[in-house]
file work.tsv (TSV, C-alpha atoms and all ligand atoms)
chain	number	residue	atom	x	y	z
A	1057	MET	CA	13.73	-54.44	14.97
A	1058	LYS	CA	15.82	-53.56	11.94
A	1059	GLN	CA	12.65	-52.96	9.99
A	1060	THR	CA	11.37	-50.64	12.71
A	1061	THR	CA	14.61	-48.62	12.58
A	1062	GLN	CA	14.35	-48.35	8.81
A	1063	MET	CA	10.73	-47.21	9.13
A	1064	LEU	CA	11.80	-44.65	11.69
A	1065	ILE	CA	14.59	-43.30	9.48
A	1066	PHE	CA	12.21	-43.21	6.54
A	1067	SER	CA	9.61	-41.29	8.58
A	1068	VAL	CA	12.24	-38.80	9.76
A	1069	LEU	CA	13.37	-38.27	6.16
A	1070	ILE	CA	9.80	-37.70	5.01
A	1071	PHE	CA	9.26	-35.29	7.89
A	1072	CYS	CA	12.45	-33.34	7.02
A	1073	ALA	CA	11.49	-33.22	3.36
A	1074	SER	CA	8.04	-31.92	4.23
A	1075	ILE	CA	9.60	-29.22	6.44
A	1076	ALA	CA	11.96	-28.26	3.61
A	1077	TRP	CA	9.07	-28.14	1.16
A	1078	ARG	CA	6.96	-26.15	3.57
A	1079	GLY	CA	9.90	-23.80	4.17
A	1080	GLU	CA	10.12	-23.30	0.42
A	1081	SER	CA	6.40	-22.66	0.05
A	1082	LEU	CA	6.39	-20.19	2.94
A	1083	LEU	CA	9.63	-18.58	1.84
A	1084	GLN	CA	9.51	-14.86	2.35
A	1085	ALA	CA	11.74	-12.30	0.70
A	1086	GLU	CA	15.21	-11.53	1.99
A	1087	GLU	CA	15.60	-8.74	4.48
A	1088	PRO	CA	15.67	-5.54	2.43
A	1089	ARG	CA	18.45	-3.00	2.86
A	1090	ARG	CA	17.21	-0.25	5.15
A	1091	PRO	CA	15.92	2.33	4.83
A	1092	VAL	CA	13.67	0.96	2.05
A	1093	PRO	CA	12.97	3.78	-0.45
A	1094	VAL	CA	9.17	3.99	-0.76
A	1095	ILE	CA	6.80	5.80	-3.10
A	1096	PHE	CA	3.22	5.91	-1.83
A	1097	ASP	CA	0.59	6.10	-4.60
A	1098	THR	CA	-2.83	6.68	-3.07
A	1099	ASP	CA	-6.44	7.75	-3.63
A	1100	ILE	CA	-6.38	9.41	-0.20
A	1101	GLY	CA	-9.80	10.81	0.69
A	1102	ASN	CA	-11.92	7.95	-0.61
A	1103	ASP	CA	-11.40	5.83	2.51
A	1104	VAL	CA	-9.43	6.27	5.70
A	1105	ASP	CA	-7.07	3.30	5.40
A	1106	ASP	CA	-4.86	5.41	3.12
A	1107	VAL	CA	-4.38	7.89	5.96
A	1108	LEU	CA	-3.42	5.25	8.53
A	1109	ALA	CA	-1.07	3.74	5.94
A	1110	LEU	CA	0.63	7.12	5.39
A	1111	GLY	CA	1.02	7.53	9.17
A	1112	MET	CA	2.62	4.07	9.28
A	1113	ILE	CA	5.13	5.07	6.61
A	1114	HIS	CA	6.18	8.07	8.71
A	1115	ALA	CA	6.58	5.83	11.77
A	1116	LEU	CA	8.67	3.40	9.75
A	1117	GLU	CA	10.79	6.28	8.47
A	1118	ALA	CA	11.37	7.53	12.03
A	1119	ARG	CA	12.62	4.04	12.91
A	1120	GLY	CA	15.03	4.00	9.96
A	1121	ASP	CA	13.07	1.25	8.20
A	1122	CYS	CA	11.97	3.23	5.14
A	1123	LYS	CA	12.42	6.56	3.40
A	1124	LEU	CA	9.40	8.18	1.78
A	1125	LEU	CA	10.53	9.56	-1.59
A	1126	ALA	CA	7.20	10.93	-2.81
A	1127	VAL	CA	3.44	10.63	-2.59
A	1128	THR	CA	1.40	10.50	-5.79
A	1129	ILE	CA	-2.36	10.72	-5.82
A	1130	THR	CA	-5.05	9.18	-8.04
A	1131	LYS	CA	-8.00	11.03	-6.51
A	1132	ASP	CA	-8.64	14.01	-8.77
A	1133	ASN	CA	-9.28	16.63	-6.11
A	1134	PRO	CA	-6.62	19.13	-4.97
A	1135	LEU	CA	-7.62	18.76	-1.30
A	1136	ALA	CA	-6.22	15.21	-1.47
A	1137	ALA	CA	-2.79	16.75	-2.06
A	1138	SER	CA	-3.30	19.40	0.61
A	1139	PHE	CA	-4.37	16.82	3.17
A	1140	THR	CA	-1.37	14.63	2.28
A	1141	ASP	CA	0.81	17.68	2.96
A	1142	VAL	CA	-1.03	18.08	6.28
A	1143	VAL	CA	-0.09	14.55	7.33
A	1144	ASN	CA	3.50	14.84	6.07
A	1145	THR	CA	3.92	18.18	7.88
A	1146	PHE	CA	2.44	16.72	11.07
A	1147	TYR	CA	5.20	14.10	11.01
A	1148	GLY	CA	7.89	16.71	10.29
A	1149	LYS	CA	8.22	15.88	6.56
A	1150	GLY	CA	6.37	18.79	4.95
A	1151	ASP	CA	8.74	18.94	1.97
A	1152	ILE	CA	8.05	15.45	0.59
A	1153	PRO	CA	7.10	15.85	-3.09
A	1154	ILE	CA	3.41	15.33	-3.80
A	1155	GLY	CA	1.91	14.85	-7.26
A	1156	ILE	CA	-1.63	14.45	-8.53
A	1157	CYS	CA	-3.37	13.35	-11.74
A	1158	LYS	CA	-6.12	15.01	-13.74
A	1159	SER	CA	-8.32	12.02	-14.46
A	1160	GLY	CA	-11.80	13.14	-13.45
A	1161	VAL	CA	-11.97	10.04	-11.19
A	1162	THR	CA	-13.50	10.60	-7.73
A	1163	PRO	CA	-13.35	14.43	-7.99
A	1164	GLN	CA	-15.41	15.01	-4.82
A	1165	PRO	CA	-13.53	16.29	-1.73
A	1166	GLY	CA	-14.56	13.32	0.44
A	1167	LYS	CA	-15.25	13.25	4.16
A	1168	PHE	CA	-11.90	14.22	5.69
A	1169	ASN	CA	-9.56	15.91	3.18
A	1170	ILE	CA	-11.48	19.08	4.14
A	1171	LEU	CA	-9.46	18.97	7.39
A	1172	ALA	CA	-6.73	20.68	5.32
A	1173	GLU	CA	-8.85	23.85	5.37
A	1174	LYS	CA	-10.12	23.54	8.94
A	1175	LYS	CA	-9.44	26.64	11.03
A	1176	ASP	CA	-9.60	27.28	14.78
A	1177	ASN	CA	-9.73	30.96	15.75
A	1178	GLY	CA	-8.64	31.99	12.26
A	1179	GLN	CA	-5.57	29.71	12.22
A	1180	LEU	CA	-5.18	26.49	10.23
A	1181	ARG	CA	-5.69	23.58	12.59
A	1182	TYR	CA	-3.04	21.65	10.66
A	1183	PRO	CA	-0.28	23.87	9.27
A	1184	HIS	CA	0.94	23.02	5.75
A	1185	ASP	CA	1.90	24.97	2.63
A	1186	LEU	CA	0.46	23.02	-0.32
A	1187	LYS	CA	-2.79	24.94	-0.70
A	1188	ASP	CA	-3.01	26.35	-4.21
A	1189	PRO	CA	-4.16	23.72	-6.76
A	1190	GLN	CA	-1.86	25.38	-9.34
A	1191	GLN	CA	1.13	24.52	-7.11
A	1192	ILE	CA	0.51	20.76	-7.19
A	1193	PRO	CA	2.82	19.00	-9.65
A	1194	ASP	CA	1.76	16.33	-12.09
A	1195	ALA	CA	2.05	12.80	-10.65
A	1196	VAL	CA	4.06	11.34	-13.54
A	1197	THR	CA	6.65	14.13	-13.23
A	1198	VAL	CA	6.94	13.44	-9.50
A	1199	LEU	CA	7.23	9.67	-10.09
A	1200	ARG	CA	9.87	10.06	-12.81
A	1201	THR	CA	11.91	12.48	-10.68
A	1202	ALA	CA	11.79	10.21	-7.61
A	1203	LEU	CA	12.80	7.16	-9.64
A	1204	ALA	CA	15.54	8.92	-11.60
A	1205	GLY	CA	17.19	10.00	-8.34
A	1206	ALA	CA	17.06	6.54	-6.72
A	1207	GLU	CA	19.55	3.69	-6.72
A	1208	ASP	CA	18.95	0.98	-9.28
A	1209	HIS	CA	16.48	-1.79	-8.30
A	1210	SER	CA	15.85	-0.23	-4.91
A	1211	VAL	CA	12.44	1.45	-4.89
A	1212	VAL	CA	9.31	-0.15	-3.51
A	1213	ILE	CA	6.06	1.40	-4.70
A	1214	ALA	CA	2.99	0.92	-2.52
A	1215	GLN	CA	0.00	1.52	-4.78
A	1216	VAL	CA	-3.17	1.70	-2.70
A	1217	GLY	CA	-5.54	3.55	-5.01
A	1218	PHE	CA	-6.26	3.32	-8.72
A	1219	SER	CA	-3.60	2.34	-11.28
A	1220	THR	CA	-3.92	5.63	-13.19
A	1221	ASN	CA	-0.56	7.12	-12.22
A	1222	LEU	CA	1.49	3.97	-12.66
A	1223	ALA	CA	-0.12	3.19	-16.04
A	1224	ASN	CA	0.66	6.77	-17.12
A	1225	LEU	CA	4.22	6.32	-15.83
A	1226	LEU	CA	4.62	3.23	-18.03
A	1227	LYS	CA	3.45	5.30	-21.02
A	1228	SER	CA	5.72	8.26	-20.29
A	1229	PRO	CA	8.38	9.15	-22.89
A	1230	SER	CA	12.01	9.99	-22.15
A	1231	ASP	CA	12.43	13.59	-21.09
A	1232	LYS	CA	14.85	15.89	-19.33
A	1233	ILE	CA	14.28	14.03	-16.05
A	1234	SER	CA	15.53	10.71	-17.50
A	1235	PRO	CA	16.60	9.47	-20.92
A	1236	LEU	CA	14.62	6.30	-20.16
A	1237	ALA	CA	10.99	5.98	-21.16
A	1238	GLY	CA	8.59	4.89	-18.42
A	1239	GLU	CA	8.88	1.13	-18.67
A	1240	GLY	CA	12.69	1.23	-18.84
A	1241	LEU	CA	12.87	3.60	-15.88
A	1242	VAL	CA	10.65	1.30	-13.80
A	1243	LYS	CA	12.70	-1.74	-14.80
A	1244	GLN	CA	15.91	-0.02	-13.77
A	1245	LYS	CA	14.81	1.58	-10.49
A	1246	VAL	CA	11.92	-0.38	-9.00
A	1247	LYS	CA	12.44	-3.48	-6.89
A	1248	LEU	CA	8.84	-4.31	-6.04
A	1249	LEU	CA	5.29	-3.11	-6.53
A	1250	SER	CA	3.19	-3.79	-3.43
A	1251	ILE	CA	-0.38	-3.17	-4.47
A	1252	MET	CA	-3.75	-3.20	-2.74
A	1253	ALA	CA	-6.24	-4.09	-5.43
A	1254	GLY	CA	-8.37	-6.94	-6.71
A	1255	ALA	CA	-9.69	-9.98	-4.87
A	1256	PHE	CA	-8.28	-13.48	-4.95
A	1257	GLU	CA	-10.96	-15.21	-2.90
A	1258	LYS	CA	-14.71	-15.02	-3.04
A	1259	ILE	CA	-16.09	-12.52	-0.53
A	1260	PRO	CA	-19.01	-13.15	1.86
A	1261	ARG	CA	-22.05	-11.01	1.05
A	1262	LYS	CA	-25.58	-11.59	2.35
A	1263	GLY	CA	-24.74	-15.12	3.48
A	1264	LYS	CA	-23.16	-16.14	0.16
A	1265	LEU	CA	-19.63	-16.19	-1.22
A	1266	VAL	CA	-19.51	-14.04	-4.34
A	1267	ASP	CA	-17.02	-12.68	-6.89
A	1268	HIS	CA	-15.82	-9.26	-5.86
A	1269	ARG	CA	-15.01	-6.49	-8.32
A	1270	GLU	CA	-12.71	-4.42	-6.18
A	1271	TYR	CA	-12.98	-0.62	-5.95
A	1272	ASN	CA	-9.36	0.24	-6.84
A	1273	ILE	CA	-9.75	-1.81	-10.03
A	1274	ILE	CA	-13.19	-0.73	-11.19
A	1275	LYS	CA	-12.49	3.00	-10.86
A	1276	ASP	CA	-9.90	2.76	-13.66
A	1277	ILE	CA	-10.15	-0.63	-15.38
A	1278	PRO	CA	-7.98	0.20	-18.44
A	1279	ALA	CA	-5.15	1.40	-16.17
A	1280	ALA	CA	-5.42	-1.71	-13.95
A	1281	GLN	CA	-5.37	-3.93	-17.05
A	1282	LYS	CA	-2.27	-2.22	-18.38
A	1283	LEU	CA	-0.52	-2.48	-15.01
A	1284	ALA	CA	-1.34	-6.18	-14.58
A	1285	ARG	CA	-0.24	-6.94	-18.14
A	1286	GLU	CA	2.87	-4.79	-18.50
A	1287	TRP	CA	4.41	-3.90	-15.12
A	1288	PRO	CA	8.00	-5.14	-15.48
A	1289	THR	CA	8.97	-5.96	-11.84
A	1290	PRO	CA	7.67	-8.40	-9.22
A	1291	VAL	CA	4.19	-7.45	-7.98
A	1292	ILE	CA	2.62	-8.52	-4.69
A	1293	TRP	CA	-1.16	-8.06	-4.61
A	1294	SER	CA	-3.00	-7.57	-1.35
A	1295	GLY	CA	-6.50	-8.63	-2.37
A	1296	PHE	CA	-9.69	-7.24	-0.83
A	1297	GLU	CA	-9.97	-10.32	1.41
A	1298	ILE	CA	-6.71	-9.58	3.26
A	1299	GLY	CA	-7.55	-6.14	4.66
A	1300	LEU	CA	-11.17	-7.21	5.19
A	1301	ASN	CA	-9.94	-9.95	7.54
A	1302	VAL	CA	-7.71	-7.56	9.51
A	1303	ALA	CA	-10.00	-4.98	11.11
A	1304	TYR	CA	-8.38	-1.97	12.78
A	1305	PRO	CA	-9.52	-2.02	16.43
A	1306	HIS	CA	-11.40	1.23	17.05
A	1307	GLU	CA	-10.11	1.30	20.66
A	1308	SER	CA	-6.78	2.36	19.18
A	1309	ILE	CA	-8.40	5.45	17.63
A	1310	GLU	CA	-9.96	6.31	20.99
A	1311	GLU	CA	-6.86	5.67	23.12
A	1312	ASP	CA	-3.61	5.86	21.15
A	1313	PHE	CA	-3.74	9.27	19.47
A	1314	ASN	CA	-4.40	11.49	22.46
A	1315	TYR	CA	-0.79	12.60	22.82
A	1316	THR	CA	-1.80	15.75	20.94
A	1317	SER	CA	-5.01	17.79	21.02
A	1318	HIS	CA	-5.71	17.33	17.29
A	1319	HIS	CA	-4.46	14.33	15.37
A	1320	PRO	CA	-5.04	14.17	11.59
A	1321	LEU	CA	-5.23	10.35	11.54
A	1322	ALA	CA	-7.74	10.04	14.37
A	1323	GLU	CA	-9.84	12.98	13.12
A	1324	ALA	CA	-9.91	11.56	9.59
A	1325	TYR	CA	-11.00	8.16	10.96
A	1326	ILE	CA	-13.77	9.74	13.03
A	1327	LEU	CA	-15.03	11.83	10.10
A	1328	TYR	CA	-14.98	8.81	7.79
A	1329	ASN	CA	-16.67	6.23	10.02
A	1330	PRO	CA	-16.32	6.81	13.75
A	1331	PRO	CA	-15.67	4.30	16.56
A	1332	PRO	CA	-17.02	1.76	17.38
A	1333	HIS	CA	-16.46	0.98	13.70
A	1334	ASP	CA	-13.44	-1.26	13.06
A	1335	ARG	CA	-12.23	-0.26	9.60
A	1336	PRO	CA	-10.59	-2.91	7.40
A	1337	THR	CA	-6.86	-2.30	6.93
A	1338	TRP	CA	-6.54	-2.81	3.16
A	1339	ASP	CA	-3.87	-0.18	2.36
A	1340	LEU	CA	-1.90	-0.75	5.56
A	1341	THR	CA	-1.25	-4.37	4.61
A	1342	SER	CA	0.49	-3.34	1.38
A	1343	VAL	CA	2.74	-0.93	3.29
A	1344	LEU	CA	3.58	-3.58	5.92
A	1345	TYR	CA	4.55	-6.06	3.22
A	1346	ALA	CA	6.51	-3.39	1.30
A	1347	VAL	CA	8.81	-2.70	4.24
A	1348	PHE	CA	8.81	-6.06	6.06
A	1349	PRO	CA	8.51	-8.64	3.27
A	1350	HIS	CA	10.79	-11.03	5.19
A	1351	ARG	CA	9.07	-11.13	8.56
A	1352	GLY	CA	6.35	-13.68	7.88
A	1353	TYR	CA	3.42	-11.35	8.41
A	1354	PHE	CA	1.85	-12.93	5.34
A	1355	ASP	CA	2.25	-16.04	3.22
A	1356	LEU	CA	2.53	-15.72	-0.53
A	1357	SER	CA	0.76	-17.53	-3.34
A	1358	GLU	CA	2.83	-19.27	-5.97
A	1359	THR	CA	4.04	-17.08	-8.83
A	1360	GLY	CA	1.84	-16.38	-11.82
A	1361	THR	CA	-0.04	-13.62	-13.56
A	1362	VAL	CA	-3.04	-11.53	-12.64
A	1363	THR	CA	-5.54	-10.64	-15.34
A	1364	VAL	CA	-8.04	-7.82	-14.99
A	1365	GLN	CA	-11.23	-8.67	-16.89
A	1366	GLU	CA	-13.29	-6.08	-18.77
A	1367	ASP	CA	-15.80	-6.02	-15.90
A	1368	GLY	CA	-13.12	-5.48	-13.25
A	1369	LEU	CA	-12.87	-9.03	-11.94
A	1370	THR	CA	-9.30	-10.10	-11.14
A	1371	THR	CA	-8.15	-13.65	-11.83
A	1372	PHE	CA	-4.85	-15.33	-10.99
A	1373	LYS	CA	-3.19	-17.93	-13.17
A	1374	PRO	CA	-0.24	-19.82	-11.66
A	1375	GLY	CA	2.82	-20.31	-13.82
A	1376	ASP	CA	5.42	-18.06	-15.38
A	1377	GLY	CA	5.19	-14.50	-14.19
A	1378	GLN	CA	6.44	-12.28	-11.40
A	1379	GLN	CA	3.17	-11.75	-9.56
A	1380	ARG	CA	1.89	-13.23	-6.31
A	1381	TYR	CA	-0.86	-12.41	-3.88
A	1382	LEU	CA	-0.86	-12.28	-0.09
A	1383	LYS	CA	-2.36	-15.03	2.03
A	1384	LEU	CA	-3.08	-14.85	5.73
A	1385	THR	CA	-3.52	-17.40	8.52
A	1386	ASP	CA	-5.39	-16.70	11.78
A	1387	ALA	CA	-2.09	-16.64	13.67
A	1388	GLN	CA	-0.66	-14.11	11.22
A	1389	ARG	CA	-3.79	-11.96	11.47
A	1390	ILE	CA	-3.18	-11.46	15.19
A	1391	ARG	CA	0.42	-10.38	14.58
A	1392	VAL	CA	-0.51	-8.09	11.68
A	1393	VAL	CA	-3.19	-6.22	13.68
A	1394	GLU	CA	-0.73	-5.46	16.46
A	1395	ALA	CA	1.99	-4.31	14.06
A	1396	LEU	CA	-0.46	-2.03	12.21
A	1397	VAL	CA	-1.85	-0.52	15.42
A	1398	GLN	CA	1.55	0.18	16.95
A	1399	LEU	CA	2.99	1.62	13.74
A	1400	SER	CA	0.00	3.82	12.81
A	1401	SER	CA	-0.23	5.30	16.28
A	1402	GLN	CA	3.49	5.90	16.84
A	1403	PRO	CA	4.00	9.60	17.73
A	1404	PRO	CA	6.18	11.77	15.46
A	1405	GLN	CA	9.81	12.27	16.44
A	1406	LYS	CA	10.38	15.53	18.24
B	1501	CA	CA	4.54	21.11	2.11
B	1502	CA	CA	-6.93	3.59	-0.93
call {"tool": "encode", "arguments": {"input": "work.tsv", "output": "structure tokens", "more": "lines below"}}
Ligand SMILES: [Ca+2]
Ligand SMILES: [Ca+2]
result
Amino acid sequence: MKQTTQMLIFSVLIFCASIAWRGESLLQAEEPRRPVPVIFDTDIGNDVDDVLALGMIHALEARGDCKLLAVTITKDNPLAASFTDVVNTFYGKGDIPIGICKSGVTPQPGKFNILAEKKDNGQLRYPHDLKDPQQIPDAVTVLRTALAGAEDHSVVIAQVGFSTNLANLLKSPSDKISPLAGEGLVKQKVKLLSIMAGAFEKIPRKGKLVDHREYNIIKDIPAAQKLAREWPTPVIWSGFEIGLNVAYPHESIEEDFNYTSHHPLAEAYILYNPPPHDRPTWDLTSVLYAVFPHRGYFDLSETGTVTVQEDGLTTFKPGDGQQRYLKLTDAQRIRVVEALVQLSSQPPQK
């Protein structure tokens, strides 16, 4: 009998220890102070997940969860900036600073940024005032200004395009915006980089699991290498596999955006790849983590470092380092889809 009791106590102890260990391994971040200051760095126009992600940020801002400081763009076409201004203006935030880079990368207008110039009866369908390419500031200037004006260790950057702007920020010298050079400024102001790029699992293709050289990486490999090597704050990577496993239900596009006769998110989605297509939610996952890191939407890998190979493959090595990647269970996937749908389709505040 005594032995049975001892066994029981031992089992309970083991159980508690395993819970504690599991709690540790699943540990999410602390609740951030709200509103979380966010910079959105995007290649908007190359795919439509950037647009839904920007809509989400505006919904989160309306709820007091985040504050959008600036949008910087790595698609080298001025309509990307104009269309960003369209979306910001639609949500009542037409004065948010927008910057762009001159990189020559993906210079084509794309399928939906042309909505910025769409007219009905001679009037712009979507009013906005960032139209002249000469008016659009340089991304690094916009990034440095936003960071210089922020509280120390507060800013979360969601990078959902190429690493061009953030690599250029790291290289930037001190100037009249800040006495700190790029890396020092980032170290002082940025809390977290939440980035959609790379792949940390093999991806199914034609019935096989294969290495995936992810688009945001391969479009500017030197910049991605510099970022992975030198970025001085914690980095959370949302690999290709995460958004791929969380498809945006097209019924939402058909049903949730009809509160207005023209909606820039729904029209962009339809121009890009119309319902019944369920688009993966790559960029949205990085925004969700950026603002709700503590809510268990995702699990995290152990800490380590990400290396970007010459051919664009990303590899993760556990150990010292401030980088992790997102992981997702089936139960989490169901929660994440609902959160993304409700946030992207939330109407602007009156
Ligand atoms: Ca504007
Ligand atoms: Ca993107």
call {"tool": "residues_near_ligand", "arguments": {"input": "work.tsv", "ligand": "ligand CA 1501 (chain B)", "cutoff": "6 Å", "atoms": "only C-alpha atoms and all ligand atoms", "output": "number ranges by chain"}}
result
A: 1141, 1150-1151, 1184-1186
call {"tool": "write_last_selection", "arguments": {"input": "work.tsv", "atoms": "C-alpha atoms", "output": "mmCIF file, keeping the file's coordinate frame"}}
result
data_model
loop_
_atom_site.group_PDB
_atom_site.id
_atom_site.type_symbol
_atom_site.label_atom_id
_atom_site.label_comp_id
_atom_site.auth_asym_id
_atom_site.auth_seq_id
_atom_site.Cartn_x
_atom_site.Cartn_y
_atom_site.Cartn_z
ATOM 1 C CA ASP A 1141 0.810 17.680 2.960
ATOM 2 C CA GLY A 1150 6.370 18.790 4.950
ATOM 3 C CA ASP A 1151 8.740 18.940 1.970
ATOM 4 C CA HIS A 1184 0.940 23.020 5.750
ATOM 5 C CA ASP A 1185 1.900 24.970 2.630
ATOM 6 C CA LEU A 1186 0.460 23.020 -0.320
#
call {"tool": "closest_residue", "arguments": {"input": "work.tsv", "among": "A:Arg1090, A:Gln1190, A:Leu1241, A:Asp1121", "to": "Ala1137 (chain A)", "atoms": "all atoms listed in the file"}}
result
A:Gln1190
call {"tool": "residues_near_ligand", "arguments": {"input": "work.tsv", "ligand": "ligand CA 1502 (chain B)", "cutoff": "8 Å", "atoms": "all atoms listed in the file", "output": "PDB file with C-alpha atoms, keeping the file's coordinate frame"}}
result
ATOM      1  CA  THR A1098      -2.830   6.680  -3.070  1.00  0.00           C
ATOM      2  CA  ASP A1099      -6.440   7.750  -3.630  1.00  0.00           C
ATOM      3  CA  ILE A1100      -6.380   9.410  -0.200  1.00  0.00           C
ATOM      4  CA  GLY A1101      -9.800  10.810   0.690  1.00  0.00           C
ATOM      5  CA  ASN A1102     -11.920   7.950  -0.610  1.00  0.00           C
ATOM      6  CA  ASP A1103     -11.400   5.830   2.510  1.00  0.00           C
ATOM      7  CA  VAL A1104      -9.430   6.270   5.700  1.00  0.00           C
ATOM      8  CA  ASP A1105      -7.070   3.300   5.400  1.00  0.00           C
ATOM      9  CA  ASP A1106      -4.860   5.410   3.120  1.00  0.00           C
ATOM     10  CA  VAL A1216      -3.170   1.700  -2.700  1.00  0.00           C
ATOM     11  CA  GLY A1217      -5.540   3.550  -5.010  1.00  0.00           C
ATOM     12  CA  PHE A1218      -6.260   3.320  -8.720  1.00  0.00           C
ATOM     13  CA  MET A1252      -3.750  -3.200  -2.740  1.00  0.00           C
ATOM     14  CA  ASN A1272      -9.360   0.240  -6.840  1.00  0.00           C
ATOM     15  CA  TRP A1338      -6.540  -2.810   3.160  1.00  0.00           C
ATOM     16  CA  ASP A1339      -3.870  -0.180   2.360  1.00  0.00           C
TER      17      ASP A1339
END
call {"tool": "closest_residue", "arguments": {"input": "work.tsv", "among": "A:Glu1117, A:Glu1358, A:Ala1324, A:Thr1220", "to": "Val1143 (chain A)", "atoms": "only C-alpha atoms"}}
result
A:Ala1324
call {"tool": "residues_around", "arguments": {"input": "work.tsv", "residues": "region 1381-1390 of chain A", "least_positions_apart": "2", "cutoff": "10 Å", "atoms": "only C-alpha atoms", "output": "PyMOL selection string"}}
result
chain A and resi 1250-1252+1254-1257+1291-1295+1297-1299+1301-1303+1341-1342+1345+1352-1362+1372+1379+1392-1395
call {"tool": "closest_residue", "arguments": {"input": "work.tsv", "among": "A:Asp1267, A:Glu1311, A:Glu1086, A:Glu1323", "to": "Asp1367 (chain A)", "atoms": "only C-alpha atoms"}}
result
A:Asp1267
call {"tool": "closest_residue", "arguments": {"input": "work.tsv", "among": "A:Gly1368, A:Gly1240, A:Pro1235, A:Gly1120", "to": "Pro1278 (chain A)", "atoms": "all atoms listed in the file"}}
result
A:Gly1368
call {"tool": "closest_residue", "arguments": {"input": "work.tsv", "among": "A:Ile1277, A:Ala1322, A:Leu1171, A:Ala1346", "to": "Lys1123 (chain A)", "atoms": "only C-alpha atoms"}}
result
A:Ala1346
call {"tool": "residues_near_point", "arguments": {"input": "work.tsv", "point": "(-10.7, -12.2, -10.8)", "cutoff": "6 Å", "atoms": "only C-alpha atoms", "output": "list in words"}}
result
Leu1369, Thr1370 and Thr1371 of chain A
call {"tool": "write_last_selection", "arguments": {"input": "work.tsv", "atoms": "C-alpha atoms", "output": "JSON list (two decimals), in the frame of the given file"}}
result
[["chain", "number", "residue", "atom", "x", "y", "z"],
["A", 1369, "LEU", "CA", -12.87, -9.03, -11.94],
["A", 1370, "THR", "CA", -9.30, -10.10, -11.14],
["A", 1371, "THR", "CA", -8.15, -13.65, -11.83]]
call {"tool": "atom_distance", "arguments": {"input": "work.tsv", "atom1": "CA of Ile1213 (chain A)", "atom2": "CA of Leu1344 (chain A)"}}
result
12.0 Å
call {"tool": "residues_around", "arguments": {"input": "work.tsv", "residues": "region 1154-1163 of chain A", "least_positions_apart": "5", "cutoff": "8 Å", "atoms": "all atoms listed in the file", "output": "PDB file with C-alpha atoms, keeping the file's coordinate frame"}}
result
ATOM      1  CA  ASN A1102     -11.920   7.950  -0.610  1.00  0.00           C
ATOM      2  CA  ALA A1126       7.200  10.930  -2.810  1.00  0.00           C
ATOM      3  CA  VAL A1127       3.440  10.630  -2.590  1.00  0.00           C
ATOM      4  CA  THR A1128       1.400  10.500  -5.790  1.00  0.00           C
ATOM      5  CA  ILE A1129      -2.360  10.720  -5.820  1.00  0.00           C
ATOM      6  CA  THR A1130      -5.050   9.180  -8.040  1.00  0.00           C
ATOM      7  CA  LYS A1131      -8.000  11.030  -6.510  1.00  0.00           C
ATOM      8  CA  ASP A1132      -8.640  14.010  -8.770  1.00  0.00           C
ATOM      9  CA  ASN A1133      -9.280  16.630  -6.110  1.00  0.00           C
ATOM     10  CA  PRO A1134      -6.620  19.130  -4.970  1.00  0.00           C
ATOM     11  CA  ALA A1137      -2.790  16.750  -2.060  1.00  0.00           C
ATOM     12  CA  THR A1140      -1.370  14.630   2.280  1.00  0.00           C
ATOM     13  CA  ASP A1141       0.810  17.680   2.960  1.00  0.00           C
ATOM     14  CA  ILE A1192       0.510  20.760  -7.190  1.00  0.00           C
ATOM     15  CA  PRO A1193       2.820  19.000  -9.650  1.00  0.00           C
ATOM     16  CA  ASP A1194       1.760  16.330 -12.090  1.00  0.00           C
ATOM     17  CA  ALA A1195       2.050  12.800 -10.650  1.00  0.00           C
ATOM     18  CA  VAL A1196       4.060  11.340 -13.540  1.00  0.00           C
ATOM     19  CA  THR A1197       6.650  14.130 -13.230  1.00  0.00           C
ATOM     20  CA  VAL A1198       6.940  13.440  -9.500  1.00  0.00           C
ATOM     21  CA  LEU A1199       7.230   9.670 -10.090  1.00  0.00           C
ATOM     22  CA  THR A1220      -3.920   5.630 -13.190  1.00  0.00           C
ATOM     23  CA  ASN A1221      -0.560   7.120 -12.220  1.00  0.00           C
ATOM     24  CA  LYS A1275     -12.490   3.000 -10.860  1.00  0.00           C
ATOM     25  CA  ASP A1276      -9.900   2.760 -13.660  1.00  0.00           C
TER      26      ASP A1276
END
call {"tool": "atom_distance", "arguments": {"input": "work.tsv", "atom1": "CA of Lys1373 (chain A)", "atom2": "CA of Asn1224 (chain A)"}}
result
25.3 Å
call {"tool": "atom_distance", "arguments": {"input": "work.tsv", "atom1": "CA of Ala1109 (chain A)", "atom2": "CA of Glu1087 (chain A)"}}
result
20.9 Å
call {"tool": "closest_residue", "arguments": {"input": "work.tsv", "among": "A:Val1092, A:Leu1203, A:Val1246, A:Ala1279", "to": "Ile1233 (chain A)", "atoms": "only C-alpha atoms"}}
result
A:Leu1203
call {"tool": "closest_atom_pairs", "arguments": {"input": "work.tsv", "of": "region 1156-1260 of chain A", "to": "region 1313-1319 of chain A", "cutoff": "12 Å", "atoms": "only C-alpha atoms", "output": "Markdown table"}}
result
| residue | atom | partner | partner_atom | distance |
| --- | --- | --- | --- | --- |
| A:Leu1171 | CA | A:His1319 | CA | 10.5 |
| A:Lys1174 | CA | A:His1318 | CA | 11.3 |
| A:Lys1175 | CA | A:His1318 | CA | 11.8 |
| A:Asp1176 | CA | A:His1318 | CA | 11.0 |
| A:Leu1180 | CA | A:His1318 | CA | 11.6 |
| A:Arg1181 | CA | A:His1318 | CA | 7.8 |
| A:Tyr1182 | CA | A:His1318 | CA | 8.4 |
| A:Pro1183 | CA | A:His1318 | CA | 11.7 |
